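As provided, run.tsv (TSV, C-alpha atoms) reads as follows.
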```
chain	number	residue	atom	x	y	z
A	1	MET	CA	-114.85	235.25	-68.14
A	2	LYS	CA	-112.09	237.70	-67.32
A	3	VAL	CA	-112.14	236.74	-63.63
A	4	THR	CA	-112.05	233.04	-64.50
A	5	HIS	CA	-109.04	233.58	-66.78
A	6	VAL	CA	-107.17	235.38	-64.00
A	7	GLN	CA	-108.03	232.60	-61.57
A	8	GLN	CA	-106.74	229.97	-63.97
A	9	TRP	CA	-103.53	231.91	-64.48
A	10	CYS	CA	-103.03	232.23	-60.72
A	11	LEU	CA	-103.65	228.50	-60.29
A	12	ARG	CA	-101.05	227.65	-62.92
A	13	LEU	CA	-98.58	230.04	-61.31
A	14	ARG	CA	-99.17	228.50	-57.89
A	15	ASN	CA	-98.65	224.98	-59.26
A	16	ARG	CA	-95.39	226.04	-60.90
A	17	ALA	CA	-94.27	227.66	-57.65
A	18	LYS	CA	-94.97	224.41	-55.80
A	19	LEU	CA	-93.02	222.45	-58.41
A	20	PHE	CA	-90.11	224.89	-58.14
A	21	LEU	CA	-90.15	224.64	-54.33
A	22	ILE	CA	-90.16	220.82	-54.44
A	23	THR	CA	-87.26	220.87	-56.92
A	24	CYS	CA	-85.26	223.18	-54.65
A	25	ILE	CA	-85.90	220.96	-51.64
A	26	MET	CA	-84.79	217.85	-53.52
A	27	LEU	CA	-81.68	219.64	-54.76
A	28	ALA	CA	-80.86	220.76	-51.22
A	29	VAL	CA	-81.23	217.19	-49.94
A	30	VAL	CA	-78.87	215.90	-52.64
A	31	VAL	CA	-76.28	218.61	-51.96
A	32	ASN	CA	-76.49	218.00	-48.21
A	33	PHE	CA	-76.02	214.25	-48.73
A	34	ILE	CA	-72.93	214.87	-50.85
A	35	LEU	CA	-71.44	217.23	-48.26
A	36	VAL	CA	-72.10	214.85	-45.37
A	37	SER	CA	-70.61	211.96	-47.34
A	38	ALA	CA	-67.53	214.03	-48.08
A	39	MET	CA	-67.11	214.99	-44.43
A	40	TYR	CA	-67.08	211.38	-43.32
A	41	SER	CA	-65.18	209.93	-46.23
A	42	GLU	CA	-61.53	209.00	-45.94
A	43	ASP	CA	-60.32	212.12	-47.72
A	44	TRP	CA	-62.10	214.43	-45.27
A	45	GLY	CA	-62.68	212.78	-41.90
A	46	HIS	CA	-59.52	210.70	-41.68
A	47	ILE	CA	-56.89	212.58	-43.68
A	48	SER	CA	-55.47	209.82	-45.81
A	49	PHE	CA	-52.25	209.30	-47.70
A	50	PHE	CA	-54.09	208.25	-50.86
A	51	LYS	CA	-53.63	211.49	-52.77
A	52	ASP	CA	-49.99	212.07	-52.05
A	53	ALA	CA	-49.42	214.12	-55.19
A	54	LYS	CA	-51.96	216.69	-54.10
A	55	ARG	CA	-51.01	216.76	-50.43
A	56	GLN	CA	-47.27	216.88	-50.96
A	57	GLY	CA	-47.14	219.59	-53.58
A	58	ASN	CA	-47.32	217.09	-56.45
A	59	LYS	CA	-44.61	214.95	-54.88
A	60	PRO	CA	-45.81	211.34	-54.82
A	61	SER	CA	-43.92	208.84	-52.71
A	62	ARG	CA	-41.23	206.75	-54.34
A	63	LEU	CA	-43.19	203.67	-53.37
A	64	GLN	CA	-45.75	204.69	-56.02
A	65	LEU	CA	-48.48	202.56	-54.49
A	66	LYS	CA	-52.14	203.02	-55.25
A	67	PRO	CA	-54.86	201.61	-53.01
A	68	ASN	CA	-57.59	199.33	-54.29
A	69	SER	CA	-60.40	201.63	-55.41
A	70	GLN	CA	-63.04	199.37	-53.87
A	71	GLU	CA	-61.35	199.54	-50.48
A	72	ASN	CA	-61.11	203.33	-50.53
A	73	GLN	CA	-64.59	203.41	-49.06
A	74	ILE	CA	-63.18	202.19	-45.74
A	75	HIS	CA	-63.09	204.93	-43.15
A	76	ALA	CA	-62.71	204.94	-39.41
A	77	GLU	CA	-64.42	206.77	-36.61
A	78	SER	CA	-61.23	208.25	-35.27
A	79	PRO	CA	-60.34	211.77	-34.22
A	80	LYS	CA	-60.09	214.10	-37.17
A	81	CYS	CA	-56.57	214.94	-38.31
A	82	MET	CA	-55.40	218.29	-39.59
A	83	PHE	CA	-52.73	218.04	-42.26
A	84	TYR	CA	-50.42	220.83	-43.37
A	85	ALA	CA	-48.82	220.30	-46.76
A	86	SER	CA	-45.07	220.61	-47.02
A	87	SER	CA	-43.61	223.85	-48.31
A	88	SER	CA	-40.39	222.14	-49.44
A	89	LYS	CA	-39.34	223.07	-52.97
A	90	LYS	CA	-36.88	220.25	-53.53
A	91	THR	CA	-37.64	217.77	-56.24
A	92	LEU	CA	-38.86	214.34	-55.12
A	93	PHE	CA	-35.62	212.68	-56.21
A	94	GLU	CA	-33.45	215.18	-54.34
A	95	PHE	CA	-35.58	214.92	-51.22
A	96	HIS	CA	-35.73	211.13	-51.23
A	97	LYS	CA	-32.00	210.88	-51.77
A	98	SER	CA	-31.13	213.17	-48.87
A	99	HIS	CA	-33.84	212.45	-46.26
A	100	TYR	CA	-34.10	209.24	-44.27
A	101	MET	CA	-36.56	207.75	-41.81
A	102	THR	CA	-36.17	204.76	-39.52
A	103	VAL	CA	-37.90	203.19	-36.52
A	104	SER	CA	-36.63	201.71	-33.27
A	105	VAL	CA	-37.10	197.95	-33.63
A	106	ASN	CA	-37.66	195.88	-30.50
A	107	GLY	CA	-40.22	193.46	-29.16
A	108	ARG	CA	-41.37	190.19	-30.63
A	109	LEU	CA	-42.44	189.38	-34.18
A	110	GLY	CA	-45.88	191.03	-34.23
A	111	ASN	CA	-44.62	194.24	-32.64
A	112	GLN	CA	-41.74	194.48	-35.08
A	113	MET	CA	-44.08	193.97	-38.04
A	114	PHE	CA	-46.26	196.86	-36.93
A	115	LYS	CA	-43.23	199.12	-36.60
A	116	TYR	CA	-41.84	198.12	-39.99
A	117	ALA	CA	-45.16	198.54	-41.82
A	118	SER	CA	-45.83	201.90	-40.16
A	119	LEU	CA	-42.34	203.12	-41.01
A	120	LEU	CA	-42.96	202.35	-44.67
A	121	GLY	CA	-46.37	203.99	-44.60
A	122	VAL	CA	-45.21	207.23	-43.00
A	123	ALA	CA	-42.08	207.38	-45.17
A	124	ALA	CA	-44.26	206.96	-48.26
A	125	GLN	CA	-46.43	209.87	-47.18
A	126	TYR	CA	-43.51	212.29	-47.00
A	127	GLY	CA	-41.11	210.85	-49.58
A	128	PHE	CA	-38.44	209.81	-47.06
A	129	SER	CA	-36.11	206.86	-47.72
A	130	PRO	CA	-37.06	204.23	-45.09
A	131	PHE	CA	-34.55	201.81	-43.59
A	132	LEU	CA	-34.09	199.51	-40.62
A	133	ARG	CA	-30.90	199.75	-38.63
A	134	GLN	CA	-31.05	196.30	-37.09
A	135	LYS	CA	-31.18	192.83	-38.56
A	136	SER	CA	-34.22	191.87	-36.55
A	137	LEU	CA	-36.53	188.85	-36.66
A	138	LEU	CA	-37.94	190.35	-39.84
A	139	PHE	CA	-34.64	190.00	-41.63
A	140	SER	CA	-34.57	186.22	-41.31
A	141	ALA	CA	-38.31	185.54	-41.65
A	142	PHE	CA	-39.26	187.36	-44.84
A	143	GLN	CA	-38.00	187.22	-48.41
A	144	SER	CA	-37.59	190.93	-49.02
A	145	GLN	CA	-34.56	192.64	-47.51
A	146	LYS	CA	-35.13	195.79	-49.52
A	147	TYR	CA	-35.03	198.22	-46.61
A	148	PHE	CA	-32.46	196.50	-44.40
A	149	TYR	CA	-29.36	198.66	-44.58
A	150	HIS	CA	-27.51	201.10	-42.38
A	151	VAL	CA	-27.41	204.88	-42.63
A	152	SER	CA	-25.49	207.10	-40.25
A	153	MET	CA	-28.10	209.80	-39.85
A	154	LYS	CA	-27.19	213.33	-38.90
A	155	ASN	CA	-29.49	216.28	-38.37
A	156	ASP	CA	-32.18	213.90	-37.12
A	157	VAL	CA	-35.08	214.21	-34.69
A	158	SER	CA	-37.30	211.67	-32.93
A	159	PHE	CA	-41.06	211.34	-33.08
A	160	GLU	CA	-42.59	209.79	-29.96
A	161	GLU	CA	-46.11	208.40	-30.26
A	162	HIS	CA	-48.67	209.15	-27.56
A	163	HIS	CA	-50.31	205.72	-27.32
A	164	ALA	CA	-49.40	202.30	-28.69
A	165	GLY	CA	-52.75	201.48	-30.29
A	166	ILE	CA	-54.23	204.91	-31.07
A	167	TYR	CA	-53.55	206.52	-34.43
A	168	ASP	CA	-51.49	209.63	-33.76
A	169	CYS	CA	-52.71	212.49	-35.95
A	170	ARG	CA	-49.48	214.40	-35.34
A	171	ILE	CA	-47.84	212.02	-37.80
A	172	HIS	CA	-49.25	214.26	-40.55
A	173	ASN	CA	-47.23	217.24	-39.39
A	174	LEU	CA	-43.68	215.94	-39.26
A	175	THR	CA	-40.83	218.21	-40.23
A	176	GLN	CA	-39.29	217.69	-43.65
A	177	SER	CA	-36.11	219.57	-42.83
A	178	LYS	CA	-34.54	216.73	-40.81
A	179	ASN	CA	-34.09	212.98	-40.80
A	180	ILE	CA	-36.54	211.22	-38.49
A	181	THR	CA	-36.52	208.28	-36.08
A	182	LEU	CA	-39.95	206.94	-35.10
A	183	ASN	CA	-40.18	205.72	-31.49
A	184	GLY	CA	-43.16	203.68	-30.34
A	185	TYR	CA	-45.30	200.72	-31.30
A	186	PHE	CA	-47.54	202.30	-34.01
A	187	GLN	CA	-50.16	199.57	-33.76
A	188	SER	CA	-52.76	200.91	-36.16
A	189	TRP	CA	-53.63	199.76	-39.67
A	190	LYS	CA	-54.09	203.42	-40.60
A	191	TYR	CA	-50.36	204.09	-40.73
A	192	PHE	CA	-49.94	201.77	-43.72
A	193	HIS	CA	-53.38	201.16	-45.21
A	194	HIS	CA	-52.46	203.24	-48.26
A	195	ILE	CA	-49.56	200.86	-49.06
A	196	ARG	CA	-51.20	197.62	-47.89
A	197	GLN	CA	-50.35	195.74	-51.07
A	198	GLU	CA	-46.67	196.61	-50.68
A	199	VAL	CA	-46.79	195.59	-47.01
A	200	ARG	CA	-48.23	192.19	-47.87
A	201	LYS	CA	-45.51	191.68	-50.49
A	202	LEU	CA	-42.76	192.59	-48.03
A	203	PHE	CA	-44.22	190.18	-45.49
A	204	GLN	CA	-43.96	187.15	-47.74
A	205	PHE	CA	-42.14	184.46	-45.80
A	206	THR	CA	-38.97	182.86	-47.11
A	207	ASP	CA	-39.31	179.81	-49.32
A	208	ASP	CA	-37.95	177.60	-46.55
A	209	ILE	CA	-40.52	178.83	-44.02
A	210	ILE	CA	-43.36	178.42	-46.52
A	211	ARG	CA	-42.17	174.89	-47.30
A	212	ARG	CA	-42.07	173.97	-43.61
A	213	ALA	CA	-45.47	175.56	-42.93
A	214	THR	CA	-47.02	173.67	-45.84
A	215	LYS	CA	-45.49	170.44	-44.58
A	216	ALA	CA	-46.94	171.08	-41.10
A	217	LEU	CA	-50.38	171.75	-42.57
A	218	ASN	CA	-50.29	168.65	-44.76
A	219	LYS	CA	-49.93	166.49	-41.65
A	220	PHE	CA	-53.55	167.36	-40.88
A	221	HIS	CA	-54.69	166.12	-44.32
A	222	PRO	CA	-56.81	169.20	-45.03
A	223	GLY	CA	-57.75	168.16	-48.57
A	224	ASN	CA	-60.31	170.60	-49.94
A	225	ARG	CA	-61.50	171.78	-46.55
A	226	THR	CA	-61.60	175.50	-45.76
A	227	LEU	CA	-58.88	176.35	-43.24
A	228	ILE	CA	-59.74	178.66	-40.34
A	229	GLY	CA	-56.65	179.94	-38.51
A	230	VAL	CA	-57.14	180.29	-34.75
A	231	HIS	CA	-54.71	182.13	-32.48
A	232	VAL	CA	-55.16	181.50	-28.77
A	233	ARG	CA	-52.98	183.65	-26.54
A	234	ARG	CA	-53.18	183.09	-22.82
A	235	GLY	CA	-49.81	182.43	-21.09
A	236	ASP	CA	-48.19	185.80	-20.44
A	237	MET	CA	-51.49	187.70	-20.49
A	238	ASN	CA	-53.06	185.52	-17.78
A	239	THR	CA	-50.78	186.57	-14.92
A	240	PRO	CA	-52.19	188.67	-12.04
A	241	ARG	CA	-50.01	191.63	-12.99
A	242	GLU	CA	-51.09	191.69	-16.64
A	243	LEU	CA	-54.74	191.10	-15.80
A	244	GLN	CA	-54.62	194.08	-13.42
A	245	ARG	CA	-53.19	196.27	-16.19
A	246	GLY	CA	-56.13	195.40	-18.44
A	247	TYR	CA	-54.98	192.39	-20.44
A	248	LYS	CA	-57.72	189.83	-20.84
A	249	VAL	CA	-57.75	186.31	-22.22
A	250	ALA	CA	-60.65	185.06	-24.30
A	251	ASP	CA	-62.96	182.74	-22.39
A	252	LEU	CA	-64.44	179.46	-23.51
A	253	LYS	CA	-67.77	181.15	-24.28
A	254	TYR	CA	-66.08	183.22	-27.00
A	255	PHE	CA	-64.55	180.18	-28.69
A	256	ARG	CA	-67.80	178.23	-28.63
A	257	LYS	CA	-69.62	181.14	-30.17
A	258	VAL	CA	-67.08	181.91	-32.89
A	259	PHE	CA	-66.57	178.23	-33.79
A	260	GLU	CA	-70.32	177.84	-34.10
A	261	TYR	CA	-70.43	180.93	-36.31
A	262	PHE	CA	-67.88	179.56	-38.78
A	263	ARG	CA	-69.36	176.06	-38.72
A	264	TYR	CA	-72.66	177.59	-39.74
A	265	GLU	CA	-71.15	179.90	-42.36
A	266	ILE	CA	-68.65	177.47	-43.93
A	267	GLU	CA	-69.28	173.88	-44.80
A	268	ASN	CA	-66.51	171.43	-43.98
A	269	ALA	CA	-64.29	173.90	-42.13
A	270	LEU	CA	-61.06	172.82	-40.44
A	271	PHE	CA	-59.78	174.91	-37.51
A	272	ILE	CA	-55.98	175.19	-37.27
A	273	VAL	CA	-55.07	176.33	-33.74
A	274	VAL	CA	-51.81	178.07	-32.83
A	275	SER	CA	-51.31	178.83	-29.14
A	276	ASP	CA	-48.90	179.52	-26.33
A	277	SER	CA	-51.13	177.36	-24.09
A	278	VAL	CA	-51.47	174.09	-25.96
A	279	SER	CA	-52.58	172.14	-22.88
A	280	TRP	CA	-55.53	174.52	-22.36
A	281	VAL	CA	-56.51	174.20	-26.03
A	282	LYS	CA	-56.43	170.40	-25.86
A	283	ALA	CA	-58.54	170.39	-22.70
A	284	ASN	CA	-61.15	172.91	-23.88
A	285	LEU	CA	-61.31	173.12	-27.69
A	286	ALA	CA	-60.93	169.49	-28.72
A	287	ALA	CA	-63.26	168.51	-31.58
A	288	ASP	CA	-63.21	166.47	-34.78
A	289	ASP	CA	-62.72	169.60	-36.87
A	290	VAL	CA	-60.04	171.17	-34.62
A	291	VAL	CA	-56.30	170.46	-34.98
A	292	ILE	CA	-53.36	172.01	-33.14
A	293	SER	CA	-50.06	173.20	-34.56
A	294	GLU	CA	-47.26	172.57	-32.09
A	295	THR	CA	-44.19	173.83	-33.94
A	296	GLY	CA	-43.21	176.19	-31.12
A	297	ILE	CA	-41.59	178.52	-33.66
A	298	ALA	CA	-43.12	181.99	-33.96
A	299	TYR	CA	-42.50	182.76	-37.63
A	300	LEU	CA	-43.49	179.23	-38.64
A	301	ASP	CA	-46.78	179.42	-36.71
A	302	MET	CA	-47.54	182.79	-38.30
A	303	ALA	CA	-46.82	181.37	-41.74
A	304	ILE	CA	-49.34	178.61	-40.98
A	305	LEU	CA	-51.97	181.18	-39.95
A	306	ALA	CA	-51.22	183.21	-43.09
A	307	GLN	CA	-52.01	180.20	-45.29
A	308	CYS	CA	-55.52	179.89	-43.84
A	309	LYS	CA	-58.61	181.27	-45.54
A	310	HIS	CA	-60.22	182.95	-42.52
A	311	SER	CA	-59.10	183.84	-39.00
A	312	ILE	CA	-60.13	183.81	-35.35
A	313	ILE	CA	-57.96	185.86	-33.00
A	314	THR	CA	-57.95	186.67	-29.31
A	315	SER	CA	-55.40	189.32	-28.32
A	316	GLY	CA	-51.91	190.44	-29.19
A	317	THR	CA	-50.14	191.53	-32.35
A	318	PHE	CA	-49.07	188.02	-33.38
A	319	GLY	CA	-52.63	186.89	-34.09
A	320	TRP	CA	-53.42	190.30	-35.61
A	321	TRP	CA	-50.74	189.88	-38.26
A	322	GLY	CA	-51.60	186.25	-38.91
A	323	ALA	CA	-55.14	187.37	-39.74
A	324	TYR	CA	-54.01	190.39	-41.75
A	325	LEU	CA	-51.76	188.29	-43.98
A	326	ALA	CA	-54.40	185.59	-44.39
A	327	GLY	CA	-57.05	188.02	-45.58
A	328	GLY	CA	-60.54	186.61	-45.73
A	329	LYS	CA	-62.92	187.01	-42.81
A	330	THR	CA	-61.52	187.81	-39.36
A	331	VAL	CA	-63.34	187.61	-36.04
A	332	TYR	CA	-61.70	189.09	-32.93
A	333	TYR	CA	-62.38	189.00	-29.19
A	334	LYS	CA	-64.31	192.20	-28.53
A	335	ASP	CA	-63.77	192.29	-24.75
A	336	TYR	CA	-60.03	192.93	-25.05
A	337	PRO	CA	-58.67	195.03	-23.44
A	338	LYS	CA	-60.57	195.23	-20.17
A	339	PRO	CA	-62.75	198.38	-20.12
A	340	LYS	CA	-61.66	201.28	-17.88
A	341	SER	CA	-58.20	199.83	-17.41
A	342	TRP	CA	-54.75	201.26	-18.05
A	343	LEU	CA	-54.47	199.22	-21.22
A	344	SER	CA	-57.84	200.37	-22.56
A	345	GLU	CA	-56.49	203.93	-22.54
A	346	GLN	CA	-53.68	202.87	-24.84
A	347	TYR	CA	-55.97	201.49	-27.56
A	348	ASN	CA	-58.78	202.72	-29.77
A	349	LYS	CA	-60.45	199.70	-31.35
A	350	MET	CA	-61.35	201.72	-34.44
A	351	ASP	CA	-57.66	202.43	-34.92
A	352	TYR	CA	-56.35	199.02	-33.96
A	353	TYR	CA	-58.75	196.68	-35.78
A	354	PRO	CA	-59.52	197.13	-39.50
A	355	PRO	CA	-63.19	198.15	-39.93
A	356	ASN	CA	-64.09	195.02	-41.90
A	357	TRP	CA	-63.08	192.71	-39.04
A	358	ILE	CA	-65.90	191.31	-36.90
A	359	PRO	CA	-66.06	191.77	-33.11
A	360	MET	CA	-67.61	188.93	-31.16
```

Can you give me the file's structure in the form of structure tokens?
Amino acid sequence: MKVTHVQQWCLRLRNRAKLFLITCIMLAVVVNFILVSAMYSEDWGHISFFKDAKRQGNKPSRLQLKPNSQENQIHAESPKCMFYASSSKKTLFEFHKSHYMTVSVNGRLGNQMFKYASLLGVAAQYGFSPFLRQKSLLFSAFQSQKYFYHVSMKNDVSFEEHHAGIYDCRIHNLTQSKNITLNGYFQSWKYFHHIRQEVRKLFQFTDDIIRRATKALNKFHPGNRTLIGVHVRRGDMNTPRELQRGYKVADLKYFRKVFEYFRYEIENALFIVVSDSVSWVKANLAADDVVISETGIAYLDMAILAQCKHSIITSGTFGWWGAYLAGGKTVYYKDYPKPKSWLSEQYNKMDYYPPNWIPM
């Protein structure tokens, strides 16, 4: 009996040891999952601007913008950025009042919008007062003129980006002892994702442009149909020189595929096409559910795209912004730019296209 009792005790002890071991393994799995999730979340992998108060020594930006909590889960597979918090001891008000940031504004509408939005995003990160020196296309196209004024900056330095369409991690380490001029294209949603609601508000077209865009759309008698904005860019990108550099126009196969996709997904869709090659569109994309806007005015065409529910884009910043302002579902031409070309080295698709957009 004594031996049996010892055996039973040993058996119970062994069972408890197994249970303890299983519990430890499960706990280790949970902890490992949490750590891995943290490493690849926005606050670890891609150093974000979302927690400005913590990163700037409890100095939130004057813009006081908070991202949508549901969209905070978005992260990008981009190079990791190291961020060094500012050691400035000035109060936020004093700093904002005495430190300015601007951007060189040139190029056409889409390029200027990227520069403006990125300026606001970077300025919000550091607490700088942003402004635009020039009365550009943006000044006449959009309602808000909040940041259009002139400042004669002294004690300023320039920040030059490395690549037009690759998020530059060095933007997290700017000096806070001088005024700053940003030079480059800054074509990445990451520069301003943390203030996206403010950006969309600032890019509200003037009442006159909205009225004219609505009038142009009403000519197509859309009724209750779901509008799909389509931007077809070919002209300047279809020259031998640009093709050699890596620019690439979307082929007919892409349009057939993406049109079929939306026709399957959305009942009674109406495709509103904006293009710099209207003759090509008429010859290749004609259909009962396809109409063409021929205003010939950049900001008016973008306002038309912005009023659509979903978007189809090919290449270029004009279509990018039309889709961004429209919201909804966006499909883009995945073969742009041409692989292993000069242009492909200037862009990282993870940085250029928002992660919820669909390549096709």

Inset, instruction - Work out how far apart atom CA of Asn183 of chain A and atom CA of Ser118 of chain A are and give it in Å to one decimal. - result: 11.0 Å

With all atoms of segment 281-284 of chain A from the file as input, state the centre and edge lengths in Å to one decimal of the axis-aligned box that has 3 Å extra on each side, as AutoDock Vina command-line options.
```
--center_x -58.8 --center_y 172.3 --center_z -24.4 --size_x 10.7 --size_y 9.8 --size_z 9.3
```

Inset, instruction - Identify the residues within 10 Å of coordinate (-39.1, 180.9, -35.9) (same frame as the file), considering only C-alpha atoms, and give the answer as an NGL selection string. - result: :A and (109 or 137 or 140-141 or 209 or 295-303)

For Thr226 of chain A, please output as a JSON list (two decimals) with C-alpha atoms, in the frame of the given file all residues within 10 Å (counting only C-alpha atoms; exclusion window: fewer than 4 positions along the same chain).
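Produced file around_23.json, reproduced below:
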```json
[["chain", "number", "residue", "atom", "x", "y", "z"],
["A", 222, "PRO", "CA", -56.81, 169.20, -45.03],
["A", 266, "ILE", "CA", -68.65, 177.47, -43.93],
["A", 267, "GLU", "CA", -69.28, 173.88, -44.80],
["A", 268, "ASN", "CA", -66.51, 171.43, -43.98],
["A", 269, "ALA", "CA", -64.29, 173.90, -42.13],
["A", 270, "LEU", "CA", -61.06, 172.82, -40.44],
["A", 271, "PHE", "CA", -59.78, 174.91, -37.51],
["A", 308, "CYS", "CA", -55.52, 179.89, -43.84],
["A", 309, "LYS", "CA", -58.61, 181.27, -45.54],
["A", 310, "HIS", "CA", -60.22, 182.95, -42.52]]
```

Inset, instruction - Have a look at A:Lys190, A:Phe318, A:Thr175, A:Gly235 and name the one nearest to Ser279 of chain A; count all atoms listed in the file. - result: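 Counting all atoms listed in the file, the residue closest to Ser279 of chain A is A:Gly235.
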
Inset, instruction - Go through A:Gln204, A:Gln307, A:Asn155, A:Gln112 and flag the residue nearest Phe186 of chain A, using all atoms listed in the file for the distances. - result: A:Gln112

Inset, instruction - Within 12 Å of Lys178 of chain A, counting all atoms listed in the file, which residues show up once you throw out same-chain ones fewer than 4 positions away? Write them as a list of chain:residue names, please. - result: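 Result of the neighbour search: A:Ser88, A:Phe95, A:His96, A:Ser98, A:His99, A:Tyr100, A:Met101, A:Tyr126, A:Phe128, A:Met153, A:Lys154, A:Asn155, A:Asp156, A:Val157, A:Ser158, A:Phe159, A:Leu174.
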
Legend entry - Top pick for closest residue to Ala124 of chain A, considering A:Leu343, A:Ile166, A:Ile195, A:Leu202 and counting all atoms listed in the file: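 The answer is A:Ile195, which sits nearest to Ala124 of chain A.
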
Inset, instruction - Just give me the gap between atom CA of Ser293 of chain A and atom CA of Ile313 of chain A in Å, one decimal is fine. - result: 15.0 Å

Inset, instruction - Would you list the contacts of Ala323 of chain A as JSON, numbers by chain, taking every protein, DNA or RNA residue within 6 Å and counting all atoms listed in the file, but skipping same-chain residues closer than 3 positions in sequence? - result: {"A": [311, 320, 326]}

Include C-alpha atoms and write out the residues we just selected as a PDB file, keeping the file's coordinate frame.
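Result file follows (selection-v5.pdb):
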```pdb
ATOM      1  CA  SER A 311     -59.100 183.840 -39.000  1.00  0.00           C
ATOM      2  CA  TRP A 320     -53.420 190.300 -35.610  1.00  0.00           C
ATOM      3  CA  ALA A 326     -54.400 185.590 -44.390  1.00  0.00           C
TER       4      ALA A 326
END
```

Inset, instruction - Kindly give the distance, in Å, that separates atom CA of Trp357 of chain A and atom CA of Tyr167 of chain A, rounded to a single decimal. - result: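 Computing it gives 17.4 Å between the two atoms.
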
Legend entry - From A:Asn111, A:Ser152, A:Thr102, A:Ser277, residue lying nearest Leu132 of chain A [all atoms listed in the file]: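 Nearest candidate to Leu132 of chain A out of A:Asn111, A:Ser152, A:Thr102, A:Ser277: A:Thr102.
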
Legend entry - For Gln176 of chain A, the nearest of the candidates A:Ala123, A:Ala306, A:Ile312, A:Met237, counting only C-alpha atoms: A:Ala123

Inset, instruction - Quick one: residues within 6 Å of (-62.0, 175.7, -23.8) (file frame), counting all atoms listed in the file, please, as a PyMOL selection string. - result: chain A and resi 252+284-285

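Contact shell of segment 231-234 of chain A at 6 Å (only C-alpha atoms; same-chain neighbours under 4 positions omitted): A:Asn238, A:Val249, A:Val273, A:Val274, A:Ser275, A:Asp276, A:Ile313, A:Thr314, A:Gly319.
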
Inset, instruction - Please identify all polymer residues within 10 Å of Asp207 of chain A, counting only C-alpha atoms, omitting same-chain residues fewer than 5 positions from it, and present them as a list in words. - result: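 Everything that qualifies: Ala141, Phe142, Gln143, Arg212 and Ala213 of chain A.
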